[in-house]
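A short worksheet on the structure shown next.
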Amino acid sequence: MKRKGLVISSFAILSFVVFLCIVGYVYKNDNNSDNNNEVIVGTYDMGDFVFEENGVEITSPIKGAIGIPKEDNSPVVFILHGSHRIDGDVRQPYAEGFEYLVEHLAKQGYLAISINVNRAYMFEPVEGNELERTMVIFEENYRRVKEAIEGEKLYPYSLKGKGDLTKVNLIGHSRGGENIFNLIESNKFKDIAFSSAISVAPSQNYNFYDAYTDIPTAVIIPQFDTDVSTQDGANYFYYAYFNDQARRSPIQYAYYLNADHNPFNSNVDQKGMYSYDDVTYVAEEEQRTFLKEYCTDFLNVYNKDADFTDVFIKASKDRYGNPFIPAYYFSEKNGKKLIRPSETMRDVIADGLEFNFIQAANVPSEDTTGAFNIPGTYDGVPLYKMAWKEKKGKVSIEIPIGFHNFYDYNGISFLIGLDSTDERNDVDAETSIDITVIDYAGNEETIRISSKTERALQFIQGEVEDYGDGFKKYNHYTPLGSFVLSYDLLKEVNAKDGIEKIEISPASNSGSIVIGGIDFYQ
């Protein structure tokens, strides 16, 4: 009997110790106090919510990762993960795979929530519509965050007063990177004040035009994407740049060299179904560091009035570690289109070198770009190709009289790319061009850019592959990028008093570039 009594006493003592440990853990990690003055980061699992689909009750977890800033009234960021291996388990921790990102954003003054959307990608218990399910899941999570900001204790951590729902931002990865645009465009969420969208390695599984949205947008495109091998994220940029005459919001992409699809999510360990031969990938941790810094910079521009030029244009090339090729479109609200390539070529005068209109198309018989291989599947991208075998000749663009008030602008943006498929360019050779700006007083100034120093002219290593019937393409994509010529760089001309002409001429003995357009920007 004494032994039995000893066992009961030991169990009671052990239970009491466990109770103290649990209380201690809750006190340290479950800060549900309304007076949080420090950054709080953690995961949460609050069970399931139930919704009905075609007469069937379906459950979806309220589960993920959250980062709470020490500041009150902070911009809000929702993160939607992609579709990954689930194996029937709706609680797979893919939302938690962005805990590193919510932590970083919280430290930068954002209330960030990565939500579980696994149920949107599952066929159990019945096959459903991915977009509709995504909207239901987002609606429920948004409602809970809103009520928690208003003071309801719905999370293990207090959100009271922490979020500013007049500044709501979405970040999506993979399928989530496409679905965030559908959320923004949906009438269901027309009363939500969306500030910006960041789409990371997005797929394109639905009608592109249903998802396209006029909101400040950044797209991140990994160069060696083993999942979305067609690099569909470029399509959003192309449509805005070449076709949307009414767009009011800027859009940009970062073509992230040597990066892959899945490492952005720290809980996805498999490669995609595609493979690349003889390539070296950037370290996974470095990819995630890039995403943290790039997202923060972009969000700061559209939520905290950070200066776009200071943040992106004037940033050092090693700002984000591994290099990327940037492309920017400033929209008609923040810039002015000068030229877009056309078959008539009436906006340019070429003299003493090769200069032709070409078009990137999905149908081989309509594609006239040769082996040049732009990312994405957007059809009918108009381009100019300039090529030379000796250092002579030029292309002139005359600015129409009364084009616009030059005082409104701060520089000129050139969407260009090196044609790495052309034998006149080589990884070991330097291809360079001179850009000459001439003002109305006849003053001129020349800026030289080179494939060795300018990211937009980055040489992409690869080889031309023959697909038969005369159709040949480079085995790696050859992206366009933006060279932004700030007026600050011009010392000999007064650009704000008016520019009469822009000239582009060879500065190397041979070379070949592609031009997508020229804009003035504010």
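Scheme for the structure tokens: letters A, B, ... for chains in order shown; per-chain residue numbers from 1; ligand numbers from 1 in order shown.
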May I have all residues of stretch 241-378 of chain A that DSSP, computed from the backbone, assigns to strand (DSSP E), given as a VMD selection string?
-> chain A and resid 251 to 256 324 to 329 335 to 339 349 to 351 354 to 360
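Distances from A:Tyr477, A:Tyr239, A:Tyr121, A:Tyr294 to A:Ala371 were compared using only C-alpha atoms, and the smallest one belongs to A:Tyr477.
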Compile the contact shell of A:Asp244 as a count of residues only: residues with an atom at most 12 Å away, counting only C-alpha atoms, same-chain residues fewer than 4 positions apart removed.
-> 18
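When the distance limit is 7 Å and only C-alpha atoms are what count, the residues near A:His173, minus those fewer than 3 positions from it on the same chain, are A:Leu80, A:His81, A:Gly82, A:Gly176, A:Gly177, A:Ser199, A:Val200, A:Ala201, A:Pro202.
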Same residues, C-alpha atoms, saved as a tab-separated table (two decimals), in the first residue's frame:
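Output contents, as saved in result_9.tsv:
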chain	number	residue	atom	x	y	z
A	80	LEU	CA	-0.77	32.41	-49.40
A	81	HIS	CA	1.38	29.35	-50.00
A	82	GLY	CA	1.26	27.17	-53.09
A	176	GLY	CA	-0.96	31.24	-54.34
A	177	GLY	CA	0.90	33.77	-56.49
A	199	SER	CA	3.60	37.27	-56.69
A	200	VAL	CA	6.44	34.78	-56.20
A	201	ALA	CA	7.04	32.23	-58.99
A	202	PRO	CA	3.35	32.26	-59.97
Find the residues near A:Ala112: any atom within 9 Å, counting only C-alpha atoms, skip ones fewer than 2 places away on the same chain, and give them as a ChimeraX atom specification.
-> /A:65-69,75-79,101-103,105-106,110,114
Just C-alpha atoms for this one: save the residues we selected as a short mmCIF file (atom, residue, chain, number, x, y, z; two decimals), in the first residue's frame.
data_model
loop_
_atom_site.label_atom_id
_atom_site.label_comp_id
_atom_site.auth_asym_id
_atom_site.auth_seq_id
_atom_site.Cartn_x
_atom_site.Cartn_y
_atom_site.Cartn_z
CA ALA A 65 2.41 31.52 -38.88
CA ILE A 66 2.04 35.06 -37.57
CA GLY A 67 4.37 37.98 -36.94
CA ILE A 68 3.15 40.87 -34.80
CA PRO A 69 5.07 44.16 -34.82
CA PRO A 75 0.12 47.66 -42.51
CA VAL A 76 -1.21 44.11 -42.85
CA VAL A 77 0.26 41.35 -45.03
CA PHE A 78 -1.43 38.03 -45.83
CA ILE A 79 0.71 35.25 -47.34
CA LEU A 101 9.11 35.87 -43.75
CA VAL A 102 6.43 36.87 -41.23
CA GLU A 103 9.17 37.27 -38.62
CA LEU A 105 8.16 41.62 -41.85
CA ALA A 106 7.05 41.98 -38.22
CA TYR A 110 4.11 44.84 -40.56
CA SER A 114 0.72 33.21 -43.41
#
Closest atom pairs, stretch 459-503 of chain A residues within 12 Å of stretch 309-320 of chain A, only C-alpha atoms, as CSV:
residue,atom,partner,partner_atom,distance
A:Ser482,CA,A:Ile313,CA,9.8
A:Phe483,CA,A:Ile313,CA,9.0
A:Val484,CA,A:Ile313,CA,7.0
A:Leu485,CA,A:Ile313,CA,9.1
A:Ser486,CA,A:Ile313,CA,8.5
A:Tyr487,CA,A:Thr309,CA,11.6
A:Asp488,CA,A:Lys314,CA,10.7
A:Leu489,CA,A:Lys314,CA,11.1
Skip A:Glu354 itself and residues of its chain fewer than 5 positions away, then list as a list in words all residues within 12 Å of it, counting only C-alpha atoms.
-> Ile349, Tyr384, Lys385, Met386, Ala387, Trp388, Lys389, Glu390, Lys392, Gly393, Lys394, Val395, Ser505, Pro506, Ser510, Gly511, Ser512, Ile513 and Val514 of chain A
Mind writing the picked residues with N, CA and C atoms as a PDB file, in the first residue's frame?
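Written file, again_3.pdb:
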ATOM      1  N   ILE A 349      14.687  55.955 -86.354  1.00  0.00           N
ATOM      2  CA  ILE A 349      15.447  56.068 -87.605  1.00  0.00           C
ATOM      3  C   ILE A 349      16.770  55.343 -87.398  1.00  0.00           C
ATOM      4  N   TYR A 384      12.261  45.326 -80.983  1.00  0.00           N
ATOM      5  CA  TYR A 384      13.237  45.733 -81.999  1.00  0.00           C
ATOM      6  C   TYR A 384      14.546  44.999 -81.716  1.00  0.00           C
ATOM      7  N   LYS A 385      15.229  44.616 -82.784  1.00  0.00           N
ATOM      8  CA  LYS A 385      16.562  44.030 -82.627  1.00  0.00           C
ATOM      9  C   LYS A 385      17.578  44.913 -83.326  1.00  0.00           C
ATOM     10  N   MET A 386      18.620  45.275 -82.594  1.00  0.00           N
ATOM     11  CA  MET A 386      19.716  46.103 -83.104  1.00  0.00           C
ATOM     12  C   MET A 386      20.991  45.273 -83.054  1.00  0.00           C
ATOM     13  N   ALA A 387      21.676  45.152 -84.191  1.00  0.00           N
ATOM     14  CA  ALA A 387      22.875  44.320 -84.252  1.00  0.00           C
ATOM     15  C   ALA A 387      23.934  44.989 -85.118  1.00  0.00           C
ATOM     16  N   TRP A 388      25.187  44.700 -84.800  1.00  0.00           N
ATOM     17  CA  TRP A 388      26.292  45.323 -85.535  1.00  0.00           C
ATOM     18  C   TRP A 388      27.538  44.438 -85.506  1.00  0.00           C
ATOM     19  N   LYS A 389      28.374  44.610 -86.529  1.00  0.00           N
ATOM     20  CA  LYS A 389      29.638  43.884 -86.608  1.00  0.00           C
ATOM     21  C   LYS A 389      30.834  44.827 -86.602  1.00  0.00           C
ATOM     22  N   GLU A 390      30.561  46.105 -86.534  1.00  0.00           N
ATOM     23  CA  GLU A 390      31.618  47.088 -86.360  1.00  0.00           C
ATOM     24  C   GLU A 390      31.039  48.296 -85.629  1.00  0.00           C
ATOM     25  N   LYS A 392      29.951  51.290 -85.626  1.00  0.00           N
ATOM     26  CA  LYS A 392      29.451  52.451 -86.361  1.00  0.00           C
ATOM     27  C   LYS A 392      27.932  52.338 -86.480  1.00  0.00           C
ATOM     28  N   GLY A 393      27.308  53.444 -86.857  1.00  0.00           N
ATOM     29  CA  GLY A 393      25.865  53.481 -87.008  1.00  0.00           C
ATOM     30  C   GLY A 393      25.174  53.926 -85.733  1.00  0.00           C
ATOM     31  N   LYS A 394      23.881  54.177 -85.831  1.00  0.00           N
ATOM     32  CA  LYS A 394      23.108  54.592 -84.659  1.00  0.00           C
ATOM     33  C   LYS A 394      21.620  54.438 -84.940  1.00  0.00           C
ATOM     34  N   VAL A 395      20.861  54.451 -83.875  1.00  0.00           N
ATOM     35  CA  VAL A 395      19.403  54.481 -83.929  1.00  0.00           C
ATOM     36  C   VAL A 395      18.967  55.774 -83.253  1.00  0.00           C
ATOM     37  N   SER A 505      23.858  53.895 -79.966  1.00  0.00           N
ATOM     38  CA  SER A 505      24.893  53.519 -80.938  1.00  0.00           C
ATOM     39  C   SER A 505      25.828  52.464 -80.346  1.00  0.00           C
ATOM     40  N   PRO A 506      26.484  51.669 -81.205  1.00  0.00           N
ATOM     41  CA  PRO A 506      27.415  50.650 -80.717  1.00  0.00           C
ATOM     42  C   PRO A 506      28.629  51.283 -80.035  1.00  0.00           C
ATOM     43  N   SER A 510      31.324  44.527 -81.857  1.00  0.00           N
ATOM     44  CA  SER A 510      30.195  43.733 -82.348  1.00  0.00           C
ATOM     45  C   SER A 510      29.207  43.556 -81.206  1.00  0.00           C
ATOM     46  N   GLY A 511      27.998  43.183 -81.554  1.00  0.00           N
ATOM     47  CA  GLY A 511      27.006  42.967 -80.515  1.00  0.00           C
ATOM     48  C   GLY A 511      25.600  42.892 -81.075  1.00  0.00           C
ATOM     49  N   SER A 512      24.672  42.564 -80.202  1.00  0.00           N
ATOM     50  CA  SER A 512      23.273  42.446 -80.580  1.00  0.00           C
ATOM     51  C   SER A 512      22.419  42.634 -79.332  1.00  0.00           C
ATOM     52  N   ILE A 513      21.463  43.561 -79.392  1.00  0.00           N
ATOM     53  CA  ILE A 513      20.555  43.786 -78.266  1.00  0.00           C
ATOM     54  C   ILE A 513      19.117  43.785 -78.776  1.00  0.00           C
ATOM     55  N   VAL A 514      18.203  43.614 -77.838  1.00  0.00           N
ATOM     56  CA  VAL A 514      16.778  43.653 -78.122  1.00  0.00           C
ATOM     57  C   VAL A 514      16.168  44.790 -77.314  1.00  0.00           C
TER      58      VAL A 514
END
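Minimum atom-to-atom distance to A:Asp225, evaluated using only C-alpha atoms, belongs to A:His476 out of A:Glu130, A:Glu178, A:His476, A:Ile192.
In this model, the gap between atom CA of A:Arg133 and atom CA of A:Asp87 comes to 18.6 Å.
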Counting only C-alpha atoms, closest pick from A:Lys333, A:Lys153, A:Arg175, A:Arg288 relative to A:Pro216 is A:Lys333
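Ranking A:Asp419, A:Glu284, A:Glu343, A:Asp379 by their shortest atom-to-atom distance to A:Gly481, with only C-alpha atoms included, puts A:Asp419 first.
Between A:Leu170 and the candidates A:Tyr44, A:Phe298, A:Phe49, A:Tyr409, the tightest atom-to-atom separation, counting only C-alpha atoms, involves A:Phe298.
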